[in-house]
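Chemist: Dumping the structure here so I can ask a few things about it.
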Amino acid sequence: MNKFYVLKRILYTLFIFAVVVTLCFLIPRLGVEDPCSRYYPAQGNMTDEQFEYIKELTRQQYGLDGSVWSQFIRYIGELFSGNLGTSYQSGNPKVLDLIADRLPWTLTLSITNLLISLVIGVIIGTYCASKRGRWQDKTLLNASTITTAVPAFFIALLLSFYFGFQWEIFPAYTDQNLVSSFGWNWESISAVAYNAALPVISMVIGGIISYAQSTRDSVIAVSNENFIITARAKGVSNSAVLYKHTLRNALLPIVTNVGMSISGLIGGSVVIEQIFNWNGIGTLFLEANNTNDYPLMMGIMIFTSAFALVANLVTDLCYSLLDPRVSLGGRR
Amino acid sequence: MKVLKKIGTAILSVLRSVGSFFARLWKHKQGRVGLIIVTFLILVALFAPLIAPYDPYDVTQRAEKGLTPSWQHLLGTSITTGQDIFSMLVYGARVSLSIGIITGVLIAILGATLGVIAGYVGGAADTIIMRLVDIMIVIPTLPLVIVITNIFGNSYFVIVFVFVLFGWQSLARIVRSQVLLLKNSDYVKAAELAGASKGYIMFRHILPGVSNLVIMSSALTCAGIMIAESGLSFLGLANATSISWGKMLADAQSGGAMLFGHWWSVLAPGIGIFLSVFAFMRLGLALEEILNPRMKRKSGLVKVFKHLNNRYLDELFASMDDGAAPFVQSPEPQKKSKRRGET
Amino acid sequence: MNDYALEIKNLKVIFPNEAGIVRAVEGVNLNLQKGECVALVGESGCGKSVTSLASMNLLTSPPAIVRAEDIRLCGESILGLPDKKMQAIRGKRISMIFQDALSSLNPVMTVGKQIDEIFKRHSKIKRSEARRKSIELLKLVGVPDAETRYKAFPHELSGGMRQRVLIAMAFACEPEVIIADEPTTALDVTIQAQVLEVLKNMCRMKSTALLLITHDLSVVANMADRVYVMYSGKIVEAAETYPLFTNPLHPYTKGLMASVAGIDDEAGSTFVQIPDTLPNPMRKPQGCYFNPRCKYATEKCKEAMPPLKTLDNGRQIRCWLCAENSN
């Protein structure tokens with residue numbers, strides 16, 4: 001791998017991140033009302049000067065005092081020291097702390113979802129590719145035409161309806177004591193798994209089928225390549241042809257898919273979290289939206305974008321490690 | 001008079017090509033399915049007041065909350081407001097379809113324009129547009145959409161605007177690479193060498209190639225937008241006063257339809273969403289295969305020929321021997337099997 | 001009788017598809033003696049490659065449907081062998097060199113590993129031993145700096161080097177028969193000559209029988225002892241190379257010869273071309289398949305397919321006219 005290429009990619013990622021940060025800084029300062037007026041309505045027993053003083057204090061607290069430029073410089077400075085700002089929530093918690101509290105819960109859902117979708121999807125896809133044109137393959141095709149047209153949250157609602165409310169197999173709403181009572185013991189972990197079942201299943205259905213479909217297409221495309229015939233002409237056994245030659249090449253595009261899934265690990269499950277009342281970043285964001293908590297919203301945006309950017313970068317670098325043809329940048 | 005005649009023939013030829021386009025779509029199995037459902041949904045949306053037994057926007061026409069299905073209320077009434085669910089379903093088609101189609105068209109226009117500019121003009125324009133695409137693809141869309149609706153309100157136009165803002169990137173990217181491909185293709189170079197003007201190349205070679213791509217992808221874009229819209233209104237972030245399928249689902253959930261077992265109030269809007277997205281996807285895939293026959297989706301599907309029975313094959317193979325009588329049976333087994341199916 | 005290294009008896013291959021049935025190979029008889037180089041010549045699309053793939057049992061069914069009376073490798077029938085047994089034979093006793101070396105080599109595997117794979121599969125030797133043998137083989141086919149090339153990926157090599165790698169792979173287990181499917185078509189003329197030279201030397205050194213599939217008559221003249229001419233799925237003429245070139249009998253062979261410009265041709269002489277193209281393999285003409293393009297075609301040619309007739313001098317020909325002449 002070319003060192004220059006890596007450096008270029010990193011610099012480019014930083015550039016995009018800078019743009020995102022600037023956007024996140026500017027958006028709440030454009031046409032949004034002053035947080036002070038919302039929280040400190042002018043009260044009759046306060047003089048104008050007193051009120052101005054309180055507003056000034058509040059602005060200072062949220063980094064909204066001074067000119068836009070000085071605000072921006074301070075904002076960036078804080079960002080470098082790992083401070084994403086202060087939330088408007090009562091007690092004024094740090095945005096980063098709020099995110100850190102919720103992040104593991106979102107990642108529990110989304111990483112489980114990704115792993116299950118990926119593993120089962122690739123297995124099913126490979127199997128269907130080997131049965132191409134037969135009923136297994138056609139079933140996959142039909143399943144994918146249906147699941148791509150059904151939003152995941154509708155699947156979630158149906159699951160919640162039947163498995164949660166009607167048959168009461170799994171909890172339809174997450175137990176709110178889950179977070180506070182969590183400890184690293186078997187009981188807590190199984191409780192989390194029990195509560196996460198429905199949200200994960202509702203995401204996994206679409207995930208498995210989309211991974212299966214892309215794996216199948218990719219495997220079939222690769223198995224039509226000439227080098228597969230070469231391998232077979234060498235006398236390589238069918239299973240070795242599949243694992244060493246076909247899958248190795250067929251999974252390259254899947255790496256890109258995984259990269260896309262990884263960049264959506266944090267922000268991708270807002271609706272599902274909302275349906276099952278899951279205590280994750282998504283619900284945190286919706287809460288922030290309902291209370292117009294801009295520092296929190298922007299903090300989550302910056303955090304999520306940074307995560308997505310790093311995921312993209314890592315995927316690209318992984319890809320160039322896996323595919324010797326991409327060593328000099330641009331894919332062949 | 002002459003001008004009128006010219007315009008007349010022009011309109012006729014356009015109509016004819018549109019007609020033949022629909023005829024091809026009709027011949028395509030998936031295209032026909034998509035076409036039928038989309039037409040049906042558009043008719044429902046247009047004639048909603050005639051089809052729906054009640055006006056769900058009319059507060060006086062509300063019944064008791066959470067009624068079960070009956071002849072008065074085919075799908076019962078809403079748990080939260082007492083509106084007739086069937087009427088809401090019919091009226092909901094208006095929001096979903098109109099947002100889907102309007103946004104789809106706008107995205108097609110914006111994405112294609114920017115893609116063509118980036119690809120054909122190149123240079124600084126290309127750099128700026130592609131950097132913009134990179135940035136917007138990375139930013140998590142849903143959170144930003146939520147922020148924007150928070151700031152600018154969630155009127156119909158803001159929603160459309162937001163979807164267009166976040167929807168054009170991938171199309172622009174595809175169009176750009178297609179333009180580059182065409183621009184560097186041998187026949188465009190040949191045309192340039194032959195002295196064709198830039199405008200001629202643009203309209204004769206580049207745009208036709210791009211337009212197919214845009215038509216193909218816009219149906220799929222519509223489908224994607226409809227899913228996104230349903231999600232947004234499910235979260236209560238779309239226009240709160242208009243009735244949409246996503247909002248119906250949200251109402252059902254928040255009103256406790258799940259708890260009371262009112263499955264119809266969950267299933268009905270869900271099927272509405274599914275049907276419209278499904279139809280547009282079928283349409284998109286059909287268009288893809290019709291407009292770009294090389295890129296056949298089902299190319300991976302190998303037909304297993306069961307109807308080629310052994311006797312047929314024996315005869316065919318025997319006919320290849322020296323001195324054998326030529327093979328007389330129908331060389332097209334497909335038709336043969338069809339005929340067998342009819343009798 | 002069992003002298004043949006490879007013997008294909010009455011091979012037929014069809015590909016059914018939505019539009020009809022493609023009749024790719026229609027009863028090909030072909031044999032190779034040990035150590036002999038035989039060329040199979042014809043236009044692209046006439047069924048040459050399908051013949052070679054079918055004889056190695058490499059066609060997947062569906063879509064292909066293959067029938068043959070027999071395919072024998074050194075007297076042993078390999079027709080309809082179960083997958084496992086066929087795999088043990090492929091690469092070890094019969095192997096293949098493909099046309100487009102870039103797409104025929106696995107892009108994400110080093111060249112060396114791809115050669116090692118054959119040793120690992122067919123002779124149970126250690127990895128280090130396989131590596132040593134692979135490098136030796138690369139040297140043998142004229143790859144300079146074989147140790148570094150061993151670790152290279154296919155896209156890092158030049159076309160000629162890649163083709164040499166394919167040749168090395170084919171010779172790895174010193175098989176009795178090698179089928180080379182247009183081994184030099186994708187190469188520059190100068191590289192072509194080098195690669196052919198390598199192929200020729202290797203065959204001579206290992207006394208391997210070579211079935212050379214090509215449409216390039218200069219390659220044939222350079223390499224082959226005998227020639228089969230194939231047209232639209234059937235063998236139309238078979239002869240030793242010299243007599244075939246000096247005295248082509250079938251009108252199609254004549255056309256092929258005439259379409260090549262010789263150096264000693266008079267200045268200003270034009271290329272003679274065969275008009276039109278191969279018939280659609282789904283709708284072949286009645287009678288001799290060549291009759292629509294043949295300037296000598298008679299009524300009889302339009303009615304029935306001529307049989308492949310063996311002449312007194314051992315030449316074979318499928319033509320009504322020539323068969324009559326010789327009688």
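Chain labels follow the order of the structure tokens: the first chain is A, the next B, and so on; residue numbering restarts at 1 in every chain, and ligands are counted from 1 in their shown order.
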Using only C-alpha atoms, which residues sit within 9 Å of region 11-15 of chain A once same-chain residues fewer than 3 positions away are excluded, as number ranges by chain?
Modeler: A: 6-8, 18-20, 309-310, 312-313
Chemist: Those same residues - N, CA and C atoms - I'd like them written as a PDB file, in the first residue's frame.
Modeler:
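Full text of part-v8.pdb as output:
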```pdb
ATOM      1  N   VAL A   6      -2.374   6.712   1.618  1.00  0.00           N
ATOM      2  CA  VAL A   6      -2.967   6.713   2.956  1.00  0.00           C
ATOM      3  C   VAL A   6      -3.037   8.128   3.505  1.00  0.00           C
ATOM      4  N   LEU A   7      -1.937   8.841   3.361  1.00  0.00           N
ATOM      5  CA  LEU A   7      -1.882  10.211   3.856  1.00  0.00           C
ATOM      6  C   LEU A   7      -2.943  11.066   3.177  1.00  0.00           C
ATOM      7  N   LYS A   8      -3.056  10.903   1.879  1.00  0.00           N
ATOM      8  CA  LYS A   8      -4.026  11.674   1.119  1.00  0.00           C
ATOM      9  C   LYS A   8      -5.441  11.408   1.619  1.00  0.00           C
ATOM     10  N   ALA A  18     -13.831  18.804   8.861  1.00  0.00           N
ATOM     11  CA  ALA A  18     -13.825  20.240   9.156  1.00  0.00           C
ATOM     12  C   ALA A  18     -15.085  20.893   8.611  1.00  0.00           C
ATOM     13  N   VAL A  19     -15.465  20.493   7.399  1.00  0.00           N
ATOM     14  CA  VAL A  19     -16.681  21.073   6.817  1.00  0.00           C
ATOM     15  C   VAL A  19     -17.897  20.713   7.669  1.00  0.00           C
ATOM     16  N   VAL A  20     -17.956  19.452   8.090  1.00  0.00           N
ATOM     17  CA  VAL A  20     -19.097  19.014   8.896  1.00  0.00           C
ATOM     18  C   VAL A  20     -19.155  19.810  10.197  1.00  0.00           C
ATOM     19  N   LEU A 309     -16.978   8.862   9.176  1.00  0.00           N
ATOM     20  CA  LEU A 309     -15.782   9.178   8.404  1.00  0.00           C
ATOM     21  C   LEU A 309     -14.667   8.180   8.680  1.00  0.00           C
ATOM     22  N   VAL A 310     -14.473   7.893   9.972  1.00  0.00           N
ATOM     23  CA  VAL A 310     -13.427   6.935  10.311  1.00  0.00           C
ATOM     24  C   VAL A 310     -13.767   5.571   9.712  1.00  0.00           C
ATOM     25  N   ASN A 312     -15.472   4.951   7.041  1.00  0.00           N
ATOM     26  CA  ASN A 312     -15.190   4.999   5.598  1.00  0.00           C
ATOM     27  C   ASN A 312     -13.706   4.854   5.315  1.00  0.00           C
ATOM     28  N   LEU A 313     -12.934   5.598   6.090  1.00  0.00           N
ATOM     29  CA  LEU A 313     -11.486   5.579   5.891  1.00  0.00           C
ATOM     30  C   LEU A 313     -10.944   4.167   6.088  1.00  0.00           C
TER      31      LEU A 313
END
```
Chemist: Residues of chain A within 8 Å of chain B, using only C-alpha atoms, as a VMD selection string?
Modeler: chain A and resid 16 19 to 20 31 to 32 132 to 134 145 to 146 148 to 151 153 to 154 157 to 158 160 to 161 165 to 166 217 220 to 221 264 267 271 274 285 289 292 297 301 304 to 305 308 to 309
Chemist: Pick out the residues sitting within 10 Å of Ile274 (chain C), and hand them over as a ChimeraX atom specification; count only C-alpha atoms, and ignore anything fewer than 6 positions along from it in its own chain.
Modeler: /C:251-252,254-256,258-259,293-295
Chemist: Select, from C:Gly91, C:Gly35, C:Gly20, C:Gly80, the residue with the minimum atom-to-atom distance to chain A, counting only C-alpha atoms.
Modeler: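 Using only C-alpha atoms, the shortest distance to chain A belongs to C:Gly91.
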Chemist: If you take only C-alpha atoms and a cut-off of 7 Å, which residues of chain A touch chain C, and what are their nearest atom pairs and distances in Å to one decimal, in chain and number order, as CSV?
Modeler:
```
residue,atom,partner,partner_atom,distance
A:Asn226,CA,C:Ser104,CA,4.7
A:Phe227,CA,C:Ser104,CA,3.9
A:Thr230,CA,C:Ser104,CA,6.0
A:Ala233,CA,C:Arg90,CA,5.7
A:Lys234,CA,C:Gly91,CA,4.1
A:Gly235,CA,C:Gln87,CA,4.3
A:Val236,CA,C:Gln87,CA,6.5
A:Ser237,CA,C:Gln87,CA,6.3
A:His245,CA,C:Asn106,CA,6.9
A:Asp323,CA,C:Val108,CA,5.9
A:Pro324,CA,C:Val108,CA,6.1
A:Arg325,CA,C:His155,CA,7.0
```
Chemist: Select residues of chain C: the criterion is any atom within 9 Å of an atom of chain B, counting only C-alpha atoms; output as number ranges by chain.
Modeler: C: 10, 12-14, 16-21, 26-27, 62-63, 67, 282-283, 286-287, 304-308
Chemist: For those residues, write C-alpha atoms to a file as an mmCIF file, in the first residue's frame.
Modeler:
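Output (result_25.cif):
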```
data_model
loop_
_atom_site.group_PDB
_atom_site.id
_atom_site.type_symbol
_atom_site.label_atom_id
_atom_site.label_comp_id
_atom_site.auth_asym_id
_atom_site.auth_seq_id
_atom_site.Cartn_x
_atom_site.Cartn_y
_atom_site.Cartn_z
ATOM 1 C CA ASN C 10 -18.443 -37.969 -31.556
ATOM 2 C CA LYS C 12 -21.866 -33.035 -29.182
ATOM 3 C CA VAL C 13 -22.657 -29.974 -27.094
ATOM 4 C CA ILE C 14 -25.748 -27.814 -27.037
ATOM 5 C CA PRO C 16 -30.461 -24.290 -24.601
ATOM 6 C CA ASN C 17 -31.546 -20.733 -23.841
ATOM 7 C CA GLU C 18 -34.684 -18.618 -23.961
ATOM 8 C CA ALA C 19 -34.442 -17.977 -27.659
ATOM 9 C CA GLY C 20 -33.717 -21.525 -28.778
ATOM 10 C CA ILE C 21 -31.016 -24.137 -28.721
ATOM 11 C CA GLU C 26 -22.096 -31.344 -33.576
ATOM 12 C CA GLY C 27 -20.275 -34.609 -33.522
ATOM 13 C CA PRO C 62 -27.023 -26.255 -16.920
ATOM 14 C CA PRO C 63 -26.646 -24.488 -19.288
ATOM 15 C CA ARG C 67 -23.005 -35.989 -25.147
ATOM 16 C CA MET C 282 -29.589 -21.549 -33.419
ATOM 17 C CA ARG C 283 -30.722 -21.497 -37.025
ATOM 18 C CA GLN C 286 -30.122 -26.741 -44.405
ATOM 19 C CA GLY C 287 -27.539 -28.926 -46.097
ATOM 20 C CA ALA C 304 -27.950 -32.477 -47.297
ATOM 21 C CA MET C 305 -24.965 -32.289 -45.032
ATOM 22 C CA PRO C 306 -22.009 -34.115 -46.571
ATOM 23 C CA PRO C 307 -20.399 -36.812 -44.427
ATOM 24 C CA LEU C 308 -16.790 -36.603 -43.302
#
```
Chemist: Kindly give the distance, in Å, that separates CA of Asp188 (chain C) and CA of Phe171 (chain C), rounded to a single decimal.
Modeler: 22.9 Å
Chemist: Just how far from CA of Ser20 (chain B) is CA of Arg176 (chain B), in Å to one decimal?
Modeler: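 Going from CA of Arg176 (chain B) over to CA of Ser20 (chain B) covers 28.5 Å.
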Chemist: Find the residues near Thr241 (chain C): any atom within 6 Å, counting only C-alpha atoms, skip ones fewer than 3 places away on the same chain, and give them as a PDB file with N, CA and C atoms, in the first residue's frame.
Modeler:
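Final output, saved to part_5.pdb:
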```pdb
ATOM      1  N   ASP C 225       1.605 -30.414 -36.200  1.00  0.00           N
ATOM      2  CA  ASP C 225       1.898 -31.531 -37.086  1.00  0.00           C
ATOM      3  C   ASP C 225       0.696 -31.839 -37.962  1.00  0.00           C
ATOM      4  N   ARG C 226      -0.459 -31.788 -37.322  1.00  0.00           N
ATOM      5  CA  ARG C 226      -1.688 -32.041 -38.058  1.00  0.00           C
ATOM      6  C   ARG C 226      -2.684 -30.928 -37.773  1.00  0.00           C
ATOM      7  N   VAL C 227      -3.696 -30.798 -38.621  1.00  0.00           N
ATOM      8  CA  VAL C 227      -4.672 -29.722 -38.472  1.00  0.00           C
ATOM      9  C   VAL C 227      -6.090 -30.259 -38.647  1.00  0.00           C
ATOM     10  N   LEU C 244      -2.000 -29.680 -46.142  1.00  0.00           N
ATOM     11  CA  LEU C 244      -3.159 -28.801 -46.011  1.00  0.00           C
ATOM     12  C   LEU C 244      -2.842 -27.393 -46.503  1.00  0.00           C
TER      13      LEU C 244
END
```
Chemist: Just the number, please: distance in Å from CA of Gly160 (chain C) to CA of Val195 (chain C), one decimal.
Modeler: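 Going from CA of Gly160 (chain C) over to CA of Val195 (chain C) covers 6.9 Å.
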Chemist: Would you mind writing down, as an MDAnalysis selection string, each residue of region 174-256 of chain B that DSSP on the backbone assigns to alpha helix (DSSP H)?
Modeler: chainID B and resid 174:183 186:193 198:201 207:234 245:255
Chemist: If you keep C-alpha atoms, can you produce a file of those selected residues as a compact mmCIF listing (two decimals), in the first residue's frame?
Modeler:
```txt
# COMPACT_ATOMS: atom_id res chain seq x y z
CA ILE B 174 -23.68 8.00 -11.51
CA VAL B 175 -24.52 10.60 -14.15
CA ARG B 176 -21.06 12.09 -13.91
CA SER B 177 -19.33 8.78 -14.48
CA GLN B 178 -21.69 8.01 -17.35
CA VAL B 179 -20.92 11.38 -18.93
CA LEU B 180 -17.20 10.77 -18.53
CA LEU B 181 -17.62 7.35 -20.09
CA LEU B 182 -19.51 8.81 -23.05
CA LYS B 183 -17.18 11.77 -23.36
CA ASP B 186 -14.56 6.34 -29.28
CA TYR B 187 -17.67 7.46 -31.09
CA VAL B 188 -17.80 10.81 -29.34
CA LYS B 189 -14.12 11.31 -30.13
CA ALA B 190 -14.85 10.37 -33.71
CA ALA B 191 -17.66 12.92 -33.79
CA GLU B 192 -15.33 15.55 -32.37
CA LEU B 193 -12.71 14.75 -34.98
CA LYS B 198 -20.08 20.82 -28.57
CA GLY B 199 -23.81 21.39 -28.54
CA TYR B 200 -24.36 18.71 -31.15
CA ILE B 201 -22.34 16.17 -29.14
CA LEU B 207 -27.88 13.59 -23.09
CA PRO B 208 -29.61 10.53 -24.57
CA GLY B 209 -27.25 8.27 -22.63
CA VAL B 210 -27.80 10.27 -19.48
CA SER B 211 -31.57 10.55 -19.83
CA ASN B 212 -32.01 6.79 -19.85
CA LEU B 213 -29.99 6.56 -16.69
CA VAL B 214 -32.02 9.30 -15.05
CA ILE B 215 -35.38 7.79 -15.99
CA MET B 216 -34.24 4.43 -14.71
CA SER B 217 -33.04 5.68 -11.38
CA SER B 218 -35.82 8.16 -10.71
CA ALA B 219 -38.42 5.44 -10.17
CA LEU B 220 -36.13 3.86 -7.62
CA THR B 221 -35.52 7.27 -6.08
CA CYS B 222 -39.28 7.76 -5.71
CA ALA B 223 -39.49 4.45 -3.89
CA GLY B 224 -36.67 5.41 -1.54
CA ILE B 225 -38.18 8.83 -0.85
CA MET B 226 -41.53 7.28 0.00
CA ILE B 227 -39.88 5.01 2.54
CA ALA B 228 -37.99 7.96 4.01
CA GLU B 229 -41.12 10.10 4.12
CA SER B 230 -43.05 7.39 5.93
CA GLY B 231 -40.24 7.11 8.49
CA LEU B 232 -40.13 10.86 9.00
CA SER B 233 -43.86 11.19 9.47
CA PHE B 234 -43.81 8.14 11.71
CA TRP B 245 -49.42 6.62 6.15
CA GLY B 246 -46.42 7.04 8.39
CA LYS B 247 -48.38 9.32 10.69
CA MET B 248 -51.24 6.81 10.78
CA LEU B 249 -48.78 4.20 12.00
CA ALA B 250 -47.47 6.58 14.63
CA ASP B 251 -51.02 7.34 15.78
CA ALA B 252 -51.84 3.66 15.96
CA GLN B 253 -48.75 2.99 18.01
CA SER B 254 -49.14 5.90 20.38
CA GLY B 255 -52.87 5.30 20.78
```
Chemist: Applying 12 Å and only C-alpha atoms, which residues near Leu98 (chain A) remain after dropping the ones on its own chain fewer than 6 positions away? List them as number ranges by chain.
Modeler: A: 83-89, 91-92, 104, 279-281, 283-285, 287-288, 295-297, 299-300, 303
